[in-house]
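Participant: The structure is given below, and queries will be raised subsequently.
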Amino acid sequence: MEQWLVEIVGLPAYVDIFHQNQIKTVEDVLQLDKAQLEQLSLKKRHRRKLLFHTVMLNQVYSVIEESKQRVSSINELLSGRESSQDLLENSQTILERLVKLKDDISWTTDRYEMLCKFDTILKELENFINKLHIRNKLQQHLRSSHRRIKIDTLMKRAIEEIKLVGGKLGITLEDTFDKNNLARWEDLYDVYSRSVEIDNELDKTLVRSIICSTGEYISLENWGSFLKRFGPIEESLNNLKEMCSKRWFHPYFNTSECEKIMGLCPAGTFLVRFGIKSTDSMILEYVSEDQVIPIEITCNLPEPYKIYEDDEELEFESIEDLISNFGDVLLEPYQYSFVNEPWFFKENIINGNELLEDSCTGTFVMYNPYVYNTSLFQIVFVSSDVIGRIYLHKVPGGFSVVNENGYTIEENTVIYKNIYVFLRTHWKLLRYDYSLDDIPSLDVEHMKYKFEPLMIDGPQELEDNKKNLLDQCFGNSVATYPAGSLGKKVLCDAYRISSFKERILFVLADGCGWGKKSQIAANEASDAFMKYMGTKEIMEGLRNTNDIKEKLLESINVCHKAVIDHEIRGNTTILGGLLFKLARPFHENEWAVIIVSVGDCKAFLYDPAMNIVIDITTNHRENLDATDSGGRLGIVSNENDDPDLRNLAVYFHPCSPGSILLALSDGVYDNLDPEHIGLLPKDLDLEFEEWNDMENLESVKVKNNYMCTKLLDIINDSDNQNGEAIVETLLNHAVQLTSNTRNFMEENPNEREPCGYRDYPGKMDHTTCISIEVGKMVNMENPFIPYPQKAKLKKKNSRSKPITPRFDKENIRKTKFEIPLVMIENLFEAEEIVVSNDDGNPKNEKRSYEGKIAAWSTSTFPDLIEIELDSYHIEIKSNRSNITLITGEENSKAMKLWSDHTSSRQEFINSTEDVLSELFMAFFHIQDIPNREYGTFSVVGGSICRMPVLYGNTEWLYLCLNYGQNKAYRWKSYTKELTEITSKQPYFSQNLVSMYAEYCEEGDIILYLSPVVIHALMPEKDGIKAANWRRKNVRLTDLQLRDESLLKIISDILSRVPSESPESFVEILMHHTHFVTSKKRSKLNSSNSQKLTKFRGLMGSSSIVAFRVG
């Protein structure tokens, strides 16, 4: 009693006042009302506080008493005297009230013991409810054979129709429906198809999607509902097809969806859907001014449809008549917003295979395959080896994926809130929407024009034209013409490359012919392209691929004008493009390039990971005459100033990080042409003697394929496969191949160029090649900007607390996370594996489980000094796992609260927003543990969730919350790379709490490192000492070097492990930590603290957790 009063009221002096008034127990306090409390000699604020807790505890006690009564009634349940369903519903209501009370009390009092008691009560009640669920199912199963089901009007209607048809076919009701009034779909369809003419699979699909969209069985009630809406049975199929063909019919919208999506529509928008509560009705929803109004339509075909308006019954022969009657209010049928997206085809696509035949992997198109079913959609997409198809069916609450048959919805199906959420969830499978011009509509990473771009240009009139931009972009030009010729003296190619950090702008121009006018034309076009595309207004205004395409096409006109405005007019071809980063969910590092081309310059992509070369500018020159460029800028006719734009084209291609983009003039790739090399078609196992014997398009295709193969061979045969080496190798190849022709012309300057590629292979020309490494982010910031220091806070006294990440419950409930909404798989019911060092065994023992998990927490202090070790907790299920590391004071209590919350909420999580919300709530529960100051603990906790699987494409998503100095890393098993998750851009950051998300692949390893481990790994070179990196004169580049060096140190250590596994990673990092701190540990007992500072490492609890994804 005394302890409770001290904790609640705050002053022990009031204990005597209570004793004087014969108040000796907590129960006595609970009996006091407001008037009695006012008679006590308490201060007003203490009296108000005591009154609040009195009311609160009275509520708690009443709910607990009620729950005890319900638990005691389990005997009545077992004896069969009370409905288990009623008991279950009442118990669930009590549970909800208890949870709410617990949240209230956890915020209004600091009594940790009270919260623990509440957790115990909640767990007991939850276990009881689970037992009731099982018991309820058992009751239904055991009593199903002898209980009678109450048959309402719907069932009567269904029985009458079945008997009518069954009488004709010699089938009884019992042959179709069992004693529980359930029928298998196939059995019912067998009866239905013999009474209604169904001659194709599409009709069967439609009927099933309406009658039996959620499983294999259909109830007699649902069958009756179908007949009331579309009957009688002989006419039901025609009535159904007629209804589903209407634009306004959307059967599976629910009330909340209508209010949400139609609330944004103009007045007069309407739709008709199924009623949810009344299964024999439909609902007409329409927008009137600023609200959505529902009207119930009673159905009982073949009787008229009925609605009630101002207590008056109105009848209509059809819903069409009803809509026409209210034509002044019902103006425009609702249609899905995505039908106006570029990836949705309103036309019915008969053969998606032919449409996507030449598209890159990930290209997709969506359409409605059934004219008479507005609720079923199909997505056709290009997979790595096949053309795939996905069916989406509109269901209450969103869209669901149906199986390959097009109508059976699989169990445990994820409900996607809308089509956009579906595409965002599966964007790795459905990357690029199909378009007629092959430019998908995609958002790009926004760029802020902070710094002037870095640029290289060439060539100059020098012997060595090599150019290098930050070891990322390279360019060079040579002339393979004979010495002394005009072609050798004047290079007519020009190239420019500008780096904007997140984007790279490039252009290659090839002047047509020889001499100054061709050189001037190429340089004028290149300069005009860079000046127009590289301006701040243009670069910051490029938000999507359509913007880029539009501006690139405009640049062609600008370049042409620059060429013809010069006093010396020439002609030139041009190839210009922009390499940029796509705006993908969770900041995935995906790049793409869009290129505009006029003439005969080409672009290729070399992917070292796949060891392939791809021709981006396919079919740019469909003639076989190398002297015809196919198009050119400048005046080409005496009649007007128009350019030759015959082969003007825009190209798009995705680029993976690490690949190399190549832009080549025809002087390079013509020397990769099999004909110019001296090969005949028969040398390539073709049936033709000469190249002229082949069809033009076929010949171009064969030559392009050979170019890619030859280019790949040249790259693989070189000593180095970086961008600079590739440029030099390709130019050397052109020079060597044309050596016979060049030597002949130098020895016989008055002779014509010799014919015959067998003896004189290659084509002499101006030869230019530029290369750009994709995904290499160049730091363009001023290296001397000082690191921004936080403002110093004046300390009032030595007991002042650090900054507190305090959140109240109302703020948490209102928090919006700026994270892409994607769905995750529903939690599978499977055995849970738990690995924790709070399991009763010594905390410093290493834990591991079947090569999937390893965790270790030890002390770097000498053995004689005991400290509180960190706590870790890992929960594993087949498709979802939770990993948490809490360091610092009271970590065991914090871990108990955190893990209890996250475990109890897993079944309610089905999206990224849900995951972050529950992680946030878990942090809220541990923020007020008594006797602990902020800044004395750190927590990193997250979930690894499997995303819905489509076509065997398994993706995992890791989401985490981080507060303090712990760090989370991801080891990419495929590329052997290490990335820091907690250094990326967070999706939420407030009051020192940050949240992150990252895609993972099967086999990747997630690593948690505590501050002691991180400090032991911190670099002492390449910048500054680890212990002093926060000093005032630290430069931004020093911090970047430190983080890069730390990442490299950890990566090098992990790369030395012979077997890549969580256990080996934990062991090598922990041994490194203890090795670094060994000198300080050995000197700890014999040296004072001043001398100890010169030794590396920290003394404390060092913890490492490693988890393999999959």
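Ligands are numbered from 1 in the order shown, chains are lettered A, B, ... in the order of the structure tokens, and residues start at 1 in each chain.
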Please, which residues of region 537-636 of chain A, numbered as in this document, come out helix (DSSP H, G or I) from DSSP, as an NGL selection string?
Facilitator: :A and (537-541 or 545-565 or 585-587)
Participant: Check the smallest atom-to-atom distance from each of A:Val650, A:Asp437, A:Gly511, A:Glu540 to Gly577 (chain A) using only C-alpha atoms, then report the winner.
Facilitator: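 Nearest candidate to Gly577 (chain A) out of A:Val650, A:Asp437, A:Gly511, A:Glu540: A:Val650.
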Participant: What are the DSSP strand (DSSP E) residues of region 252-303 of chain A, as a list in words?
Facilitator: Thr269, Phe270, Leu271, Val272, Arg273, Phe274, Ser281, Met282, Ile283, Leu284, Glu285, Tyr286, Val287, Ser288, Gln291, Val292, Ile293, Pro294, Ile295, Glu296, Ile297 and Thr298 of chain A
Participant: Would you list the contacts of region 512-517 of chain A as JSON, numbers by chain, taking every protein, DNA or RNA residue within 9 Å and counting only C-alpha atoms, but skipping same-chain residues closer than 3 positions in sequence?
Facilitator: {"A": [486, 487, 489, 490, 491, 492, 520, 521, 522, 568, 569, 570, 571, 572, 573, 629, 632]}
Participant: Quick one: write out the picked residues with all heavy atoms as a short mmCIF file (atom, residue, chain, number, x, y, z; two decimals), in the first residue's frame?
Facilitator:
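Below you can see out_35.cif, which holds the result:
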```
data_model
loop_
_atom_site.label_atom_id
_atom_site.label_comp_id
_atom_site.auth_asym_id
_atom_site.auth_seq_id
_atom_site.Cartn_x
_atom_site.Cartn_y
_atom_site.Cartn_z
N LEU A 486 44.09 14.57 -96.32
CA LEU A 486 43.27 15.54 -95.61
C LEU A 486 42.51 14.86 -94.47
O LEU A 486 42.31 15.46 -93.41
CB LEU A 486 42.30 16.20 -96.59
CG LEU A 486 41.39 17.27 -96.00
CD1 LEU A 486 42.20 18.42 -95.41
CD2 LEU A 486 40.40 17.78 -97.05
N GLY A 487 42.09 13.63 -94.67
CA GLY A 487 41.40 12.90 -93.63
C GLY A 487 42.25 12.67 -92.40
O GLY A 487 41.74 12.61 -91.27
N LYS A 489 44.74 14.77 -91.50
CA LYS A 489 45.09 16.06 -90.91
C LYS A 489 43.93 16.67 -90.14
O LYS A 489 44.14 17.34 -89.13
CB LYS A 489 45.53 17.02 -92.02
CG LYS A 489 46.82 16.62 -92.70
CD LYS A 489 47.13 17.59 -93.83
CE LYS A 489 48.42 17.19 -94.56
NZ LYS A 489 48.71 18.11 -95.69
N VAL A 490 42.69 16.47 -90.60
CA VAL A 490 41.53 17.12 -89.98
C VAL A 490 40.56 16.05 -89.49
O VAL A 490 39.94 15.34 -90.29
CB VAL A 490 40.80 18.05 -90.99
CG1 VAL A 490 39.62 18.73 -90.30
CG2 VAL A 490 41.77 19.07 -91.56
N LEU A 491 40.46 15.92 -88.17
CA LEU A 491 39.51 14.97 -87.58
C LEU A 491 38.11 15.59 -87.59
O LEU A 491 37.91 16.71 -87.07
CB LEU A 491 39.91 14.64 -86.14
CG LEU A 491 40.99 13.57 -85.97
CD1 LEU A 491 41.46 13.52 -84.53
CD2 LEU A 491 40.47 12.21 -86.39
N CYS A 492 37.17 14.89 -88.17
CA CYS A 492 35.81 15.43 -88.32
C CYS A 492 34.83 14.84 -87.33
O CYS A 492 33.61 15.03 -87.48
CB CYS A 492 35.32 15.21 -89.75
SG CYS A 492 36.32 16.08 -90.97
N ILE A 520 33.65 21.52 -88.49
CA ILE A 520 32.89 22.60 -87.85
C ILE A 520 31.46 22.15 -87.57
O ILE A 520 30.91 22.42 -86.49
CB ILE A 520 32.91 23.86 -88.74
CG1 ILE A 520 34.32 24.46 -88.75
CG2 ILE A 520 31.90 24.88 -88.26
CD1 ILE A 520 34.50 25.59 -89.74
N ALA A 521 30.85 21.45 -88.53
CA ALA A 521 29.47 20.98 -88.34
C ALA A 521 29.37 20.04 -87.13
O ALA A 521 28.45 20.14 -86.32
CB ALA A 521 28.97 20.28 -89.59
N ALA A 522 30.33 19.11 -87.00
CA ALA A 522 30.31 18.17 -85.87
C ALA A 522 30.49 18.90 -84.55
O ALA A 522 29.79 18.61 -83.56
CB ALA A 522 31.39 17.11 -86.06
N ILE A 568 30.21 28.71 -92.23
CA ILE A 568 30.69 27.57 -93.01
C ILE A 568 29.75 26.41 -92.74
O ILE A 568 29.75 25.83 -91.65
CB ILE A 568 32.14 27.20 -92.62
CG1 ILE A 568 33.07 28.39 -92.84
CG2 ILE A 568 32.61 26.00 -93.42
CD1 ILE A 568 34.50 28.14 -92.40
N ARG A 569 28.95 26.08 -93.71
CA ARG A 569 27.92 25.07 -93.52
C ARG A 569 28.40 23.69 -93.96
O ARG A 569 28.92 23.53 -95.07
CB ARG A 569 26.66 25.44 -94.31
CG ARG A 569 25.98 26.71 -93.82
CD ARG A 569 24.74 26.99 -94.64
NE ARG A 569 23.97 28.11 -94.09
CZ ARG A 569 22.83 28.55 -94.60
NH1 ARG A 569 22.32 27.96 -95.67
NH2 ARG A 569 22.20 29.56 -94.04
N GLY A 570 28.21 22.74 -93.08
CA GLY A 570 28.53 21.36 -93.41
C GLY A 570 27.40 20.45 -92.96
O GLY A 570 26.30 20.90 -92.63
N ASN A 571 27.69 19.16 -92.97
CA ASN A 571 26.72 18.15 -92.53
C ASN A 571 27.36 17.26 -91.49
O ASN A 571 28.57 17.04 -91.50
CB ASN A 571 26.23 17.30 -93.70
CG ASN A 571 25.48 18.10 -94.74
OD1 ASN A 571 26.03 18.43 -95.79
ND2 ASN A 571 24.23 18.42 -94.46
N THR A 572 26.52 16.74 -90.62
CA THR A 572 27.02 15.85 -89.58
C THR A 572 25.93 14.89 -89.12
O THR A 572 24.74 15.22 -89.17
CB THR A 572 27.55 16.64 -88.37
OG1 THR A 572 28.11 15.74 -87.41
CG2 THR A 572 26.44 17.43 -87.70
N THR A 573 26.34 13.71 -88.70
CA THR A 573 25.44 12.81 -87.98
C THR A 573 25.61 13.08 -86.50
O THR A 573 26.60 13.71 -86.07
CB THR A 573 25.76 11.34 -88.28
OG1 THR A 573 27.08 11.04 -87.79
CG2 THR A 573 25.72 11.07 -89.78
N SER A 629 24.72 7.48 -94.65
CA SER A 629 24.56 7.46 -93.19
C SER A 629 23.11 7.25 -92.76
O SER A 629 22.85 7.01 -91.58
CB SER A 629 25.09 8.78 -92.60
OG SER A 629 24.35 9.88 -93.11
N ARG A 632 21.18 13.01 -91.63
CA ARG A 632 22.23 13.96 -91.29
C ARG A 632 21.61 15.31 -90.98
O ARG A 632 20.51 15.63 -91.44
CB ARG A 632 23.26 14.08 -92.41
CG ARG A 632 22.70 14.63 -93.70
CD ARG A 632 23.75 14.60 -94.81
NE ARG A 632 24.07 13.25 -95.21
CZ ARG A 632 25.08 12.92 -96.02
NH1 ARG A 632 25.89 13.89 -96.45
NH2 ARG A 632 25.31 11.68 -96.36
#
```
Participant: Within 10 Å of Asn523 (chain A), counting only C-alpha atoms, which residues qualify if same-chain residues fewer than 2 places away don't, as a PyMOL selection string?
Facilitator: chain A and resi 457-459+492-496+508-511+517-521+525-529+559+562-563+572
Participant: Store the residues picked out above, limited to C-alpha atoms, as a JSON list (two decimals), in the first residue's frame.
Facilitator:
```json
[["chain", "number", "residue", "atom", "x", "y", "z"],
["A", 457, "ASP", "CA", 35.52, 17.26, -75.01],
["A", 458, "GLY", "CA", 37.48, 16.12, -78.01],
["A", 459, "PRO", "CA", 39.25, 15.66, -80.20],
["A", 492, "CYS", "CA", 35.81, 15.43, -88.32],
["A", 493, "ASP", "CA", 34.43, 13.60, -85.27],
["A", 494, "ALA", "CA", 33.50, 15.38, -82.05],
["A", 495, "TYR", "CA", 32.41, 14.17, -78.62],
["A", 496, "ARG", "CA", 31.42, 15.76, -75.32],
["A", 508, "LEU", "CA", 29.02, 11.97, -80.43],
["A", 509, "ALA", "CA", 28.93, 13.69, -83.83],
["A", 510, "ASP", "CA", 30.50, 12.42, -87.04],
["A", 511, "GLY", "CA", 31.00, 15.09, -89.70],
["A", 517, "LYS", "CA", 33.25, 22.28, -92.92],
["A", 518, "SER", "CA", 32.60, 18.71, -91.69],
["A", 519, "GLN", "CA", 34.70, 19.32, -88.60],
["A", 520, "ILE", "CA", 32.89, 22.60, -87.85],
["A", 521, "ALA", "CA", 29.47, 20.98, -88.34],
["A", 525, "ALA", "CA", 26.20, 20.28, -83.24],
["A", 526, "SER", "CA", 27.99, 18.82, -80.20],
["A", 527, "ASP", "CA", 28.31, 22.18, -78.46],
["A", 528, "ALA", "CA", 24.68, 23.07, -79.15],
["A", 529, "PHE", "CA", 23.50, 19.73, -77.77],
["A", 559, "CYS", "CA", 21.71, 21.24, -83.19],
["A", 562, "ALA", "CA", 23.45, 25.69, -84.95],
["A", 563, "VAL", "CA", 24.94, 23.89, -87.96],
["A", 572, "THR", "CA", 27.02, 15.85, -89.58]]
```
Participant: Can you pull out every residue within 10 Å of region 819-830 of chain A, counting only C-alpha atoms, but drop anything in the same chain fewer than 6 positions away, and send it as a ChimeraX atom specification?
Facilitator: /A:412-417,420-427,584-586,876-880,906-916,945-949,955-957,986-988,995-997
Participant: Could you pull the residues within 8 Å of Asn544 (chain A), counting only C-alpha atoms, minus those fewer than 6 positions along the same chain, as a count of residues only?
Facilitator: 4
Participant: Of the candidates A:Pro304, A:Pro333, A:Gly1003, A:Gly634, which one gets nearest to Cys265 (chain A) if we count only C-alpha atoms?
Facilitator: A:Pro333
